[in-house]
>>> print(open('data.txt').read())   # compact mmCIF, C-alpha atoms and all ligand atoms
# COMPACT_ATOMS: atom_id res chain seq x y z
CA MET B 1 -65.42 39.31 -98.23
CA LYS B 2 -63.58 37.33 -100.89
CA HIS B 3 -64.86 34.16 -102.49
CA ASN B 4 -62.04 31.67 -101.93
CA PHE B 5 -61.84 29.09 -104.72
CA GLY B 6 -58.22 28.23 -103.84
CA ALA B 7 -57.04 24.63 -104.11
CA GLY B 8 -55.55 24.54 -100.63
CA PRO B 9 -54.91 25.52 -97.94
CA CYS B 10 -58.52 26.38 -98.20
CA ILE B 11 -61.52 28.02 -96.70
CA LEU B 12 -62.89 26.76 -93.36
CA PRO B 13 -66.16 27.81 -91.70
CA GLN B 14 -66.11 31.36 -90.29
CA GLU B 15 -67.22 30.01 -86.91
CA VAL B 16 -64.13 27.79 -86.83
CA PHE B 17 -61.87 30.73 -87.71
CA LYS B 18 -63.40 32.74 -84.85
CA ASP B 19 -63.04 29.98 -82.25
CA ALA B 20 -59.48 29.29 -83.43
CA ALA B 21 -58.61 32.99 -83.10
CA ALA B 22 -60.08 33.09 -79.60
CA ALA B 23 -57.95 30.12 -78.50
CA VAL B 24 -54.78 31.85 -79.71
CA LEU B 25 -55.51 34.43 -77.01
CA ASP B 26 -57.05 32.23 -74.36
CA PHE B 27 -57.07 28.45 -74.09
CA ASN B 28 -57.80 27.78 -70.40
CA GLY B 29 -55.67 30.76 -69.40
CA LEU B 30 -52.82 30.17 -71.86
CA SER B 31 -52.53 30.60 -75.62
CA ILE B 32 -53.11 27.41 -77.60
CA LEU B 33 -49.76 28.30 -79.19
CA GLU B 34 -47.84 28.02 -75.91
CA VAL B 35 -49.58 25.12 -74.25
CA SER B 36 -47.62 21.93 -73.56
CA HIS B 37 -48.68 19.04 -75.74
CA ARG B 38 -48.35 16.86 -72.63
CA SER B 39 -50.77 18.99 -70.61
CA ALA B 40 -54.05 17.32 -69.67
CA ASP B 41 -55.90 20.06 -71.56
CA PHE B 42 -54.20 19.30 -74.86
CA VAL B 43 -54.17 15.51 -74.43
CA LYS B 44 -57.94 15.83 -74.17
CA VAL B 45 -58.04 17.81 -77.44
CA MET B 46 -56.01 15.14 -79.25
CA GLU B 47 -58.23 12.37 -77.92
CA GLU B 48 -61.36 14.28 -78.88
CA ALA B 49 -60.05 14.99 -82.37
CA ARG B 50 -59.25 11.32 -82.96
CA GLU B 51 -62.69 10.30 -81.67
CA ASN B 52 -64.45 12.95 -83.74
CA VAL B 53 -62.79 11.66 -86.92
CA LYS B 54 -64.25 8.24 -86.07
CA LYS B 55 -67.65 9.77 -85.41
CA ALA B 56 -67.69 11.93 -88.56
CA LEU B 57 -66.62 9.13 -90.89
CA ASN B 58 -68.34 6.29 -89.07
CA VAL B 59 -65.02 4.48 -88.68
CA PRO B 60 -65.63 0.86 -87.64
CA GLU B 61 -63.88 -0.95 -84.77
CA GLY B 62 -60.34 -2.08 -85.50
CA TYR B 63 -58.96 1.19 -86.89
CA THR B 64 -56.62 3.74 -85.32
CA VAL B 65 -56.74 7.44 -86.10
CA LEU B 66 -53.49 9.43 -85.99
CA PHE B 67 -52.53 13.06 -86.56
CA LEU B 68 -48.95 13.15 -87.84
CA GLN B 69 -46.79 15.62 -89.77
CA GLY B 70 -45.03 15.78 -93.13
CA GLY B 71 -48.16 16.26 -95.23
CA ALA B 72 -49.52 13.72 -97.65
CA SER B 73 -46.13 13.95 -99.33
CA LEU B 74 -44.62 12.01 -96.44
CA GLY B 75 -47.73 9.83 -96.50
CA PHE B 76 -46.59 8.51 -99.89
CA LEU B 77 -43.49 7.09 -98.19
CA ILE B 78 -45.15 6.11 -94.90
CA SER B 79 -47.81 4.10 -96.72
CA ALA B 80 -45.25 2.23 -98.82
CA TYR B 81 -43.02 1.40 -95.84
CA ASN B 82 -45.82 0.20 -93.60
CA PHE B 83 -47.57 -1.97 -96.18
CA ALA B 84 -44.57 -3.73 -97.73
CA GLY B 85 -45.39 -7.43 -97.59
CA LYS B 86 -43.63 -10.62 -98.57
CA ASN B 87 -43.44 -9.75 -102.28
CA LYS B 88 -42.32 -6.15 -101.80
CA LYS B 89 -44.47 -5.42 -104.81
CA ALA B 90 -47.15 -2.75 -105.02
CA GLY B 91 -49.77 -1.64 -107.52
CA TYR B 92 -50.40 2.06 -108.09
CA VAL B 93 -53.19 3.72 -110.01
CA ASN B 94 -51.69 6.77 -111.67
CA THR B 95 -54.28 9.49 -112.10
CA GLY B 96 -52.15 12.62 -111.95
CA THR B 97 -49.40 14.64 -110.34
CA TRP B 98 -49.98 13.39 -106.82
CA SER B 99 -50.23 9.72 -107.72
CA THR B 100 -47.09 10.07 -109.83
CA LYS B 101 -45.33 11.35 -106.72
CA ALA B 102 -46.73 8.43 -104.71
CA VAL B 103 -45.30 6.02 -107.31
CA LYS B 104 -41.89 7.65 -106.90
CA GLU B 105 -41.96 7.22 -103.12
CA GLY B 106 -43.08 3.59 -103.45
CA LYS B 107 -39.89 3.04 -105.42
CA ASN B 108 -37.88 5.04 -102.88
CA ALA B 109 -39.10 2.66 -100.19
CA GLY B 110 -37.50 -0.13 -102.23
CA LEU B 111 -40.67 -1.69 -103.61
CA GLU B 112 -41.27 -3.07 -107.05
CA VAL B 113 -43.94 -0.73 -108.33
CA ILE B 114 -46.44 -1.69 -111.01
CA GLU B 115 -48.69 0.99 -112.49
CA ILE B 116 -51.82 -1.15 -112.68
CA ALA B 117 -53.77 1.61 -114.42
CA SER B 118 -52.98 5.09 -115.67
CA SER B 119 -54.68 7.99 -117.41
CA GLU B 120 -51.43 9.64 -118.42
CA ASP B 121 -52.16 8.93 -122.11
CA LYS B 122 -54.80 11.69 -122.09
CA GLY B 123 -53.14 14.13 -119.72
CA PHE B 124 -54.92 12.57 -116.72
CA ASN B 125 -58.32 13.86 -117.80
CA TYR B 126 -60.17 10.66 -116.83
CA ILE B 127 -60.25 7.84 -114.26
CA PRO B 128 -58.93 4.59 -115.77
CA GLU B 129 -60.55 1.15 -115.39
CA LEU B 130 -58.76 -1.31 -113.14
CA ASN B 131 -58.43 -4.54 -115.12
CA ASP B 132 -55.99 -7.46 -114.86
CA ILE B 133 -54.70 -6.71 -111.38
CA PRO B 134 -51.77 -9.03 -110.50
CA GLU B 135 -52.65 -11.21 -107.50
CA ASP B 136 -49.28 -10.98 -105.79
CA LEU B 137 -49.40 -7.28 -104.91
CA ASP B 138 -48.82 -6.29 -101.28
CA PHE B 139 -51.21 -3.38 -101.70
CA ILE B 140 -52.97 -1.11 -104.15
CA HIS B 141 -52.59 2.66 -103.84
CA TYR B 142 -54.84 5.24 -105.44
CA THR B 143 -55.78 8.92 -105.15
CA SER B 144 -59.51 9.40 -104.64
CA ASN B 145 -59.63 12.97 -105.92
CA ASN B 146 -57.12 14.49 -108.29
CA THR B 147 -56.78 18.04 -107.06
CA ILE B 148 -54.92 19.28 -110.13
CA ALA B 149 -56.56 17.32 -112.97
CA GLY B 150 -60.08 17.71 -111.57
CA THR B 151 -61.11 14.05 -111.66
CA GLN B 152 -62.54 11.91 -108.87
CA PHE B 153 -63.24 8.21 -108.33
CA LYS B 154 -67.00 7.69 -108.11
CA SER B 155 -66.66 4.30 -106.45
CA ILE B 156 -64.08 2.41 -104.43
CA PRO B 157 -62.08 -0.10 -106.52
CA GLU B 158 -63.24 -3.70 -105.87
CA THR B 159 -60.31 -5.83 -104.76
CA ASN B 160 -59.20 -8.32 -102.12
CA ILE B 161 -55.75 -6.77 -102.02
CA PRO B 162 -55.11 -4.29 -99.16
CA LEU B 163 -56.27 -0.90 -100.33
CA ILE B 164 -54.54 2.41 -99.55
CA CYS B 165 -56.02 5.75 -100.49
CA ASP B 166 -54.66 9.29 -100.53
CA MET B 167 -57.87 11.21 -99.78
CA SER B 168 -56.20 14.58 -99.27
CA SER B 169 -58.64 16.57 -101.35
CA ASP B 170 -61.99 14.89 -100.82
CA ILE B 171 -61.97 13.46 -97.31
CA PHE B 172 -64.99 14.64 -95.27
CA SER B 173 -66.69 15.79 -98.49
CA GLN B 174 -68.95 12.71 -98.60
CA PRO B 175 -69.63 9.52 -96.63
CA ILE B 176 -67.04 6.76 -97.15
CA ASP B 177 -67.03 3.06 -96.33
CA VAL B 178 -63.82 3.00 -94.27
CA SER B 179 -64.05 -0.79 -93.88
CA LYS B 180 -62.95 -1.16 -97.53
CA PHE B 181 -59.56 0.39 -96.77
CA ASP B 182 -56.45 -0.70 -94.93
CA LEU B 183 -55.13 2.85 -94.85
CA ILE B 184 -56.56 6.26 -95.61
CA TYR B 185 -54.35 9.32 -95.33
CA ALA B 186 -54.89 12.99 -96.04
CA GLY B 187 -53.17 16.31 -95.48
CA ALA B 188 -55.44 18.36 -93.21
CA GLN B 189 -55.43 21.53 -95.25
CA LYS B 190 -58.47 20.93 -97.44
CA ASN B 191 -61.63 19.94 -95.63
CA LEU B 192 -60.19 19.21 -92.20
CA GLY B 193 -58.14 22.08 -90.81
CA PRO B 194 -55.06 24.24 -91.21
CA ALA B 195 -51.92 22.84 -92.84
CA GLY B 196 -49.54 21.14 -90.42
CA SER B 197 -51.21 17.87 -89.57
CA THR B 198 -51.79 14.78 -91.67
CA LEU B 199 -54.59 12.39 -90.88
CA TYR B 200 -54.05 8.60 -90.94
CA ILE B 201 -56.81 6.05 -90.49
CA VAL B 202 -55.12 2.67 -90.34
CA LYS B 203 -56.41 -0.85 -89.84
CA ASP B 204 -54.95 -2.16 -86.59
CA SER B 205 -54.30 -5.65 -87.92
CA VAL B 206 -51.63 -4.42 -90.35
CA LEU B 207 -49.60 -2.46 -87.79
CA GLY B 208 -46.17 -3.99 -87.23
CA LYS B 209 -46.47 -6.38 -90.20
CA SER B 210 -44.13 -4.62 -92.65
CA THR B 211 -41.27 -6.60 -94.16
CA LEU B 212 -39.06 -3.47 -94.27
CA ASP B 213 -37.01 -1.88 -91.50
CA ILE B 214 -38.97 1.31 -91.00
CA PRO B 215 -37.31 4.51 -89.78
CA THR B 216 -38.93 5.29 -86.43
CA TYR B 217 -41.03 8.32 -87.37
CA LEU B 218 -42.38 6.55 -90.46
CA ASP B 219 -43.62 3.54 -88.48
CA LEU B 220 -47.37 3.87 -87.89
CA GLN B 221 -47.19 1.33 -85.06
CA VAL B 222 -44.86 3.66 -83.13
CA HIS B 223 -47.43 6.44 -83.36
CA ALA B 224 -50.36 4.16 -82.57
CA LYS B 225 -48.66 2.90 -79.41
CA LYS B 226 -48.09 6.48 -78.28
CA ASP B 227 -51.66 7.61 -78.98
CA SER B 228 -50.45 9.99 -81.70
CA MET B 229 -48.09 11.69 -79.21
CA PHE B 230 -44.75 10.09 -80.12
CA ASN B 231 -43.26 13.55 -80.58
CA THR B 232 -44.61 17.08 -80.37
CA PRO B 233 -47.75 17.04 -82.48
CA PRO B 234 -48.87 20.04 -84.55
CA VAL B 235 -50.92 21.40 -81.64
CA PHE B 236 -52.66 24.29 -83.37
CA SER B 237 -53.52 22.32 -86.49
CA VAL B 238 -55.04 19.50 -84.42
CA TYR B 239 -56.91 21.98 -82.23
CA VAL B 240 -58.51 23.68 -85.22
CA ALA B 241 -59.20 20.37 -86.97
CA ASN B 242 -61.11 19.34 -83.85
CA LEU B 243 -63.11 22.58 -83.93
CA ASN B 244 -63.97 21.88 -87.55
CA LEU B 245 -64.89 18.26 -86.83
CA LYS B 246 -67.26 19.41 -84.08
CA TYR B 247 -68.74 21.96 -86.48
CA MET B 248 -69.26 19.28 -89.15
CA ILE B 249 -70.90 16.86 -86.72
CA LYS B 250 -73.17 19.56 -85.31
CA ASN B 251 -74.30 20.60 -88.81
CA GLY B 252 -75.50 17.29 -90.19
CA GLY B 253 -72.18 15.53 -90.78
CA VAL B 254 -70.81 14.27 -94.07
CA ASP B 255 -74.28 13.39 -95.42
CA ALA B 256 -75.39 17.02 -95.28
CA ILE B 257 -72.00 18.15 -96.59
CA ALA B 258 -72.21 15.77 -99.57
CA LYS B 259 -75.62 17.13 -100.51
CA ARG B 260 -74.36 20.72 -100.48
CA ASN B 261 -71.26 19.76 -102.45
CA GLU B 262 -73.40 18.10 -105.13
CA GLU B 263 -75.57 21.22 -105.43
CA LYS B 264 -72.53 23.46 -105.79
CA ALA B 265 -70.91 21.22 -108.40
CA GLU B 266 -74.12 20.90 -110.39
CA LEU B 267 -74.51 24.66 -110.51
CA LEU B 268 -71.01 25.26 -111.84
CA TYR B 269 -70.81 22.30 -114.25
CA ASN B 270 -74.20 23.32 -115.68
CA GLU B 271 -72.82 26.74 -116.48
CA ILE B 272 -69.67 25.26 -118.03
CA ASP B 273 -71.77 22.95 -120.21
CA ASN B 274 -74.33 25.56 -121.25
CA ASN B 275 -72.16 28.61 -121.72
CA PRO B 276 -70.43 28.55 -125.13
CA ASN B 277 -67.50 30.54 -123.69
CA PHE B 278 -66.39 27.60 -121.53
CA GLU B 279 -65.61 23.91 -121.70
CA GLY B 280 -64.69 21.35 -119.06
CA THR B 281 -61.25 19.73 -119.24
CA THR B 282 -62.15 16.24 -117.97
CA GLU B 283 -64.41 13.40 -118.99
CA VAL B 284 -67.89 14.17 -117.71
CA LYS B 285 -68.35 10.87 -115.84
CA ASP B 286 -65.17 11.43 -113.82
CA ARG B 287 -65.65 15.06 -112.88
CA SER B 288 -64.50 16.07 -109.42
CA LEU B 289 -67.01 17.70 -107.08
CA MET B 290 -64.14 19.42 -105.26
CA ASN B 291 -61.91 20.80 -108.02
CA VAL B 292 -63.68 21.93 -111.16
CA THR B 293 -61.30 22.41 -114.09
CA PHE B 294 -62.38 24.31 -117.18
CA ARG B 295 -61.09 26.61 -119.90
CA LEU B 296 -62.20 29.29 -122.30
CA THR B 297 -63.24 28.20 -125.77
CA ASP B 298 -61.78 31.42 -127.13
CA ASP B 299 -58.53 32.55 -125.53
CA SER B 300 -58.95 36.12 -126.75
CA LYS B 301 -61.53 36.52 -123.96
CA LYS B 302 -59.00 35.71 -121.24
CA GLU B 303 -58.13 39.25 -120.28
CA ARG B 304 -61.77 40.22 -119.91
CA PHE B 305 -62.71 37.13 -117.95
CA ASP B 306 -59.73 37.56 -115.60
CA GLN B 307 -60.69 41.17 -115.04
CA LEU B 308 -64.30 40.21 -114.31
CA TRP B 309 -63.56 37.60 -111.68
CA ASN B 310 -60.83 39.65 -110.03
CA ASP B 311 -63.24 42.59 -109.81
CA GLY B 312 -65.85 40.20 -108.43
CA ASN B 313 -63.69 39.43 -105.38
CA ILE B 314 -62.99 35.90 -106.53
CA VAL B 315 -59.60 34.44 -105.61
CA GLY B 316 -57.73 31.25 -106.43
CA LEU B 317 -59.32 30.53 -109.81
CA LYS B 318 -56.15 30.15 -111.85
CA GLY B 319 -55.61 26.61 -113.11
CA HIS B 320 -52.53 24.64 -112.15
CA ARG B 321 -49.69 25.32 -114.58
CA SER B 322 -49.72 21.67 -115.75
CA VAL B 323 -53.37 21.86 -116.89
CA GLY B 324 -53.80 25.57 -117.69
CA GLY B 325 -57.21 27.21 -117.84
CA TYR B 326 -59.13 27.62 -114.61
CA ARG B 327 -59.76 25.58 -111.50
CA ALA B 328 -62.56 26.36 -109.08
CA SER B 329 -61.96 24.44 -105.87
CA MET B 330 -65.16 24.13 -103.90
CA TYR B 331 -64.30 22.68 -100.54
CA ASN B 332 -66.92 22.11 -97.86
CA ALA B 333 -66.90 25.58 -96.35
CA LEU B 334 -67.36 27.40 -99.64
CA GLU B 335 -70.93 28.69 -99.61
CA ILE B 336 -73.22 28.16 -102.59
CA GLU B 337 -73.50 31.98 -102.75
CA SER B 338 -69.84 32.06 -103.81
CA VAL B 339 -70.55 29.60 -106.62
CA LYS B 340 -73.54 31.70 -107.66
CA ALA B 341 -71.26 34.76 -107.77
CA LEU B 342 -68.85 32.94 -110.07
CA VAL B 343 -71.65 31.70 -112.31
CA GLU B 344 -73.00 35.26 -112.66
CA ILE B 345 -69.56 36.42 -113.75
CA MET B 346 -69.33 33.60 -116.30
CA LYS B 347 -72.74 34.59 -117.66
CA ALA B 348 -71.58 38.19 -117.95
CA LEU B 349 -68.62 37.32 -120.20
N1 LIG J 401 -52.19 14.36 -102.54
C1 LIG J 401 -53.15 15.18 -103.00
C2 LIG J 401 -54.36 14.58 -103.65
C3 LIG J 401 -53.01 16.56 -102.87
O1 LIG J 401 -53.96 17.38 -103.33
C4 LIG J 401 -51.85 17.09 -102.25
C5 LIG J 401 -51.65 18.57 -102.04
N2 LIG J 401 -52.40 19.42 -102.73
C6 LIG J 401 -50.87 16.19 -101.81
C7 LIG J 401 -51.08 14.84 -101.95
C8 LIG J 401 -49.62 16.68 -101.14
O2 LIG J 401 -49.98 17.07 -99.88
P1 LIG J 401 -49.03 17.86 -98.87
O3 LIG J 401 -48.83 19.22 -99.43
O4 LIG J 401 -49.83 17.81 -97.61
O5 LIG J 401 -47.76 17.07 -98.76
>>> encode(input="data.txt", output="structure tokens", more="lines below")
Ligand code: PMP
Amino acid sequence: MKHNFGAGPCILPQEVFKDAAAAVLDFNGLSILEVSHRSADFVKVMEEARENVKKALNVPEGYTVLFLQGGASLGFLISAYNFAGKNKKAGYVNTGTWSTKAVKEGKNAGLEVIEIASSEDKGFNYIPELNDIPEDLDFIHYTSNNTIAGTQFKSIPETNIPLICDMSSDIFSQPIDVSKFDLIYAGAQKNLGPAGSTLYIVKDSVLGKSTLDIPTYLDLQVHAKKDSMFNTPPVFSVYVANLNLKYMIKNGGVDAIAKRNEEKAELLYNEIDNNPNFEGTTEVKDRSLMNVTFRLTDDSKKERFDQLWNDGNIVGLKGHRSVGGYRASMYNALEIESVKALVEIMKAL
């Protein structure tokens, strides 16, 4: 078995892989890959998946859950289009590659975009304070976990302005107060399921209120009215996401998951801080529990370290080219034994 520290698509529980594989061969007498999305059997899966998201995240009344396509990359545009208000002016917190892309799509939607805070001055290695927020913004957009930089918001920004969050890389890793948000979106391929579906949790009261003409597929109200079945949904991705949601709920939910994620992160950050061969790349207070970024203090040890972890059946440890060094992504299904294996290798260097 390999220890998968990849940044995404990522590891899911073995039990989920097995059940998913079984459904490829037999889902009520058909393959899940050939079943009609309009069949009663699949409609039930979609409904269950949407309900299980509500259950797992304790979503309050007044929100709709959708499984769409296009990844979080289309979410950048969908969020901007649907939340354009009378000022057509939006505030973005820029904490890395993915927020920079969100800013670009906000502009592509025709909005005036203000970067209300940014950590670009230090290569995105910290989470900036949000001060002096203009009052006339239609919404504020931020990225809860920066998959590439390895930083994570430790609290939800306090504001009365509608709040949108790209939670692609830390959704379902901890409890969240959904009531603080007007929209949460996330590509499925980290803690939810296989790539192919994108989760939206949207406050009902904002649907249909945009001041822009929205292309049909990008209009969340269109999807809400059709119960997430406006067009052919990503059937397999939703099916497996539902298996994983059931698995999460059965095994203690996001509270239990958060506890395990904290233990894993503590183990690895402790090694980074105590082993003179390594150093973290981000400010300690803003460290991500999902994506741990670090580097060697002496680059001449690179060849040996790379050999050690490759021989140790560890995959996906190479840092993103924009940050360099190493990145250990520790999504929910990564067992603490895998982190222990990595720590042993770091000790052996
Ligand atoms: N936002 C974040 C935080 C991400 O990590 C990613 C992908 N790694 C994206 C957006 C883009 O997602 P997708 O590939 O689903 O478009």
>>> residues_near_ligand(input="data.txt", ligand="ligand LIG 401 (chain J)", cutoff="8 Å", atoms="only C-alpha atoms and all ligand atoms", output="list of chain:residue names")
B:Ala7, B:Gly8, B:Gly70, B:Gly71, B:Ala72, B:Ser73, B:Leu74, B:Gly75, B:Trp98, B:Ser99, B:Thr143, B:Ser144, B:Asn145, B:Asn146, B:Thr147, B:Ile148, B:Asp166, B:Met167, B:Ser168, B:Ser169, B:Ala186, B:Gly187, B:Ala188, B:Gln189, B:Ala195, B:Gly196, B:Thr198
>>> write_last_selection(input="data.txt", atoms="C-alpha atoms", output="PDB file, in the frame of the given file")
ATOM      1  CA  ALA B   7     -57.040  24.630-104.110  1.00  0.00           C
ATOM      2  CA  GLY B   8     -55.550  24.540-100.630  1.00  0.00           C
ATOM      3  CA  GLY B  70     -45.030  15.780 -93.130  1.00  0.00           C
ATOM      4  CA  GLY B  71     -48.160  16.260 -95.230  1.00  0.00           C
ATOM      5  CA  ALA B  72     -49.520  13.720 -97.650  1.00  0.00           C
ATOM      6  CA  SER B  73     -46.130  13.950 -99.330  1.00  0.00           C
ATOM      7  CA  LEU B  74     -44.620  12.010 -96.440  1.00  0.00           C
ATOM      8  CA  GLY B  75     -47.730   9.830 -96.500  1.00  0.00           C
ATOM      9  CA  TRP B  98     -49.980  13.390-106.820  1.00  0.00           C
ATOM     10  CA  SER B  99     -50.230   9.720-107.720  1.00  0.00           C
ATOM     11  CA  THR B 143     -55.780   8.920-105.150  1.00  0.00           C
ATOM     12  CA  SER B 144     -59.510   9.400-104.640  1.00  0.00           C
ATOM     13  CA  ASN B 145     -59.630  12.970-105.920  1.00  0.00           C
ATOM     14  CA  ASN B 146     -57.120  14.490-108.290  1.00  0.00           C
ATOM     15  CA  THR B 147     -56.780  18.040-107.060  1.00  0.00           C
ATOM     16  CA  ILE B 148     -54.920  19.280-110.130  1.00  0.00           C
ATOM     17  CA  ASP B 166     -54.660   9.290-100.530  1.00  0.00           C
ATOM     18  CA  MET B 167     -57.870  11.210 -99.780  1.00  0.00           C
ATOM     19  CA  SER B 168     -56.200  14.580 -99.270  1.00  0.00           C
ATOM     20  CA  SER B 169     -58.640  16.570-101.350  1.00  0.00           C
ATOM     21  CA  ALA B 186     -54.890  12.990 -96.040  1.00  0.00           C
ATOM     22  CA  GLY B 187     -53.170  16.310 -95.480  1.00  0.00           C
ATOM     23  CA  ALA B 188     -55.440  18.360 -93.210  1.00  0.00           C
ATOM     24  CA  GLN B 189     -55.430  21.530 -95.250  1.00  0.00           C
ATOM     25  CA  ALA B 195     -51.920  22.840 -92.840  1.00  0.00           C
ATOM     26  CA  GLY B 196     -49.540  21.140 -90.420  1.00  0.00           C
ATOM     27  CA  THR B 198     -51.790  14.780 -91.670  1.00  0.00           C
TER      28      THR B 198
END
>>> closest_residue(input="data.txt", among="B:Glu303, B:Tyr63, B:Asn108, B:Gly96", to="Gly123 of chain B", atoms="all atoms listed in the file")
B:Gly96
>>> atom_distance(input="data.txt", atom1="atom CA of Leu349 of chain B", atom2="atom CA of Leu289 of chain B")
23.7 Å
>>> atom_distance(input="data.txt", atom1="atom CA of Arg287 of chain B", atom2="atom CA of Leu342 of chain B")
18.4 Å
>>> residues_around(input="data.txt", residues="segment 126-140 of chain B", least_positions_apart="2", cutoff="8 Å", atoms="all atoms listed in the file", output="PyMOL selection string")
chain B and resi 83-93+95+116-119+122+124+142+151-153+157+161-164+282-283+286
>>> write_last_selection(input="data.txt", atoms="C-alpha atoms", output="short mmCIF file (atom, residue, chain, number, x, y, z; two decimals), in the frame of the given file")
data_model
loop_
_atom_site.label_atom_id
_atom_site.label_comp_id
_atom_site.auth_asym_id
_atom_site.auth_seq_id
_atom_site.Cartn_x
_atom_site.Cartn_y
_atom_site.Cartn_z
CA PHE B 83 -47.57 -1.97 -96.18
CA ALA B 84 -44.57 -3.73 -97.73
CA GLY B 85 -45.39 -7.43 -97.59
CA LYS B 86 -43.63 -10.62 -98.57
CA ASN B 87 -43.44 -9.75 -102.28
CA LYS B 88 -42.32 -6.15 -101.80
CA LYS B 89 -44.47 -5.42 -104.81
CA ALA B 90 -47.15 -2.75 -105.02
CA GLY B 91 -49.77 -1.64 -107.52
CA TYR B 92 -50.40 2.06 -108.09
CA VAL B 93 -53.19 3.72 -110.01
CA THR B 95 -54.28 9.49 -112.10
CA ILE B 116 -51.82 -1.15 -112.68
CA ALA B 117 -53.77 1.61 -114.42
CA SER B 118 -52.98 5.09 -115.67
CA SER B 119 -54.68 7.99 -117.41
CA LYS B 122 -54.80 11.69 -122.09
CA PHE B 124 -54.92 12.57 -116.72
CA TYR B 142 -54.84 5.24 -105.44
CA THR B 151 -61.11 14.05 -111.66
CA GLN B 152 -62.54 11.91 -108.87
CA PHE B 153 -63.24 8.21 -108.33
CA PRO B 157 -62.08 -0.10 -106.52
CA ILE B 161 -55.75 -6.77 -102.02
CA PRO B 162 -55.11 -4.29 -99.16
CA LEU B 163 -56.27 -0.90 -100.33
CA ILE B 164 -54.54 2.41 -99.55
CA THR B 282 -62.15 16.24 -117.97
CA GLU B 283 -64.41 13.40 -118.99
CA ASP B 286 -65.17 11.43 -113.82
#
>>> closest_residue(input="data.txt", among="B:Lys301, B:Lys259, B:Arg327, B:Lys225", to="Thr281 of chain B", atoms="only C-alpha atoms")
B:Arg327
>>> atom_distance(input="data.txt", atom1="atom CA of Glu271 of chain B", atom2="atom CA of Asn191 of chain B")
24.6 Å
>>> closest_residue(input="data.txt", among="B:Leu220, B:Ala265, B:Ile257, B:Leu317", to="Asn82 of chain B", atoms="only C-alpha atoms")
B:Leu220
>>> closest_residue(input="data.txt", among="B:Cys165, B:Ala149, B:Ile78, B:Val238", to="Val43 of chain B", atoms="only C-alpha atoms")
B:Val238
>>> closest_residue(input="data.txt", among="B:Glu335, B:Ala80, B:Leu111, B:Val59", to="Phe181 of chain B", atoms="only C-alpha atoms")
B:Val59
>>> closest_residue(input="data.txt", among="B:Ile201, B:Leu334, B:Leu296, B:Ala241", to="Asp273 of chain B", atoms="all atoms listed in the file")
B:Leu296
>>> residues_around(input="data.txt", residues="Gly150 of chain B", least_positions_apart="4", cutoff="6 Å", atoms="only C-alpha atoms", output="PDB file with C-alpha atoms, in the frame of the given file")
ATOM      1  CA  ASN B 146     -57.120  14.490-108.290  1.00  0.00           C
ATOM      2  CA  SER B 288     -64.500  16.070-109.420  1.00  0.00           C
ATOM      3  CA  ASN B 291     -61.910  20.800-108.020  1.00  0.00           C
ATOM      4  CA  VAL B 292     -63.680  21.930-111.160  1.00  0.00           C
ATOM      5  CA  THR B 293     -61.300  22.410-114.090  1.00  0.00           C
TER       6      THR B 293
END
>>> residues_around(input="data.txt", residues="Tyr331 of chain B", least_positions_apart="5", cutoff="8 Å", atoms="only C-alpha atoms", output="PyMOL selection string")
chain B and resi 10-11+173+190-191+261+290
>>> axis_aligned_box(input="data.txt", around="segment 266-279 of chain B", padding_each_side="5 Å", output="lines of an AutoDock Vina configuration file")
center_x = -70.1
center_y = 25.7
center_z = -117.8
size_x = 18.9
size_y = 19.6
size_z = 24.7
>>> residues_around(input="data.txt", residues="Ser36 of chain B", least_positions_apart="4", cutoff="9 Å", atoms="only C-alpha atoms", output="ChimeraX atom specification")
/B:32,40-42,232,235
>>> residues_near_point(input="data.txt", point="(-63.5, 38.9, -104.9)", cutoff="9 Å", atoms="all atoms listed in the file", output="ChimeraX atom specification")
/B:1-4,309-315
>>> decode(input="data.txt", residues="segment 312-319 of chain B", atoms="N, CA and C atoms", output="mmCIF file, in the first residue's frame")
data_model
loop_
_atom_site.group_PDB
_atom_site.id
_atom_site.type_symbol
_atom_site.label_atom_id
_atom_site.label_comp_id
_atom_site.auth_asym_id
_atom_site.auth_seq_id
_atom_site.Cartn_x
_atom_site.Cartn_y
_atom_site.Cartn_z
ATOM 1 N N GLY B 312 10.033 4.629 0.818
ATOM 2 C CA GLY B 312 9.076 4.375 1.903
ATOM 3 C C GLY B 312 7.630 4.341 1.433
ATOM 4 N N ASN B 313 7.435 4.225 0.118
ATOM 5 C CA ASN B 313 6.077 4.125 -0.455
ATOM 6 C C ASN B 313 5.213 5.360 -0.221
ATOM 7 N N ILE B 314 5.891 6.496 -0.117
ATOM 8 C CA ILE B 314 5.143 7.751 0.046
ATOM 9 C C ILE B 314 4.994 8.409 -1.319
ATOM 10 N N VAL B 315 3.773 8.847 -1.632
ATOM 11 C CA VAL B 315 3.565 9.528 -2.922
ATOM 12 C C VAL B 315 2.941 10.903 -2.686
ATOM 13 N N GLY B 316 3.200 11.790 -3.656
ATOM 14 C CA GLY B 316 2.525 13.092 -3.675
ATOM 15 C C GLY B 316 3.128 14.131 -2.757
ATOM 16 N N LEU B 317 4.403 13.986 -2.403
ATOM 17 C CA LEU B 317 4.992 14.889 -1.404
ATOM 18 C C LEU B 317 5.650 16.137 -2.014
ATOM 19 N N LYS B 318 5.783 16.131 -3.326
ATOM 20 C CA LYS B 318 6.488 17.248 -3.958
ATOM 21 C C LYS B 318 5.672 18.530 -3.801
ATOM 22 N N GLY B 319 6.331 19.608 -3.432
ATOM 23 C CA GLY B 319 5.637 20.891 -3.282
ATOM 24 C C GLY B 319 5.172 21.434 -4.622
#
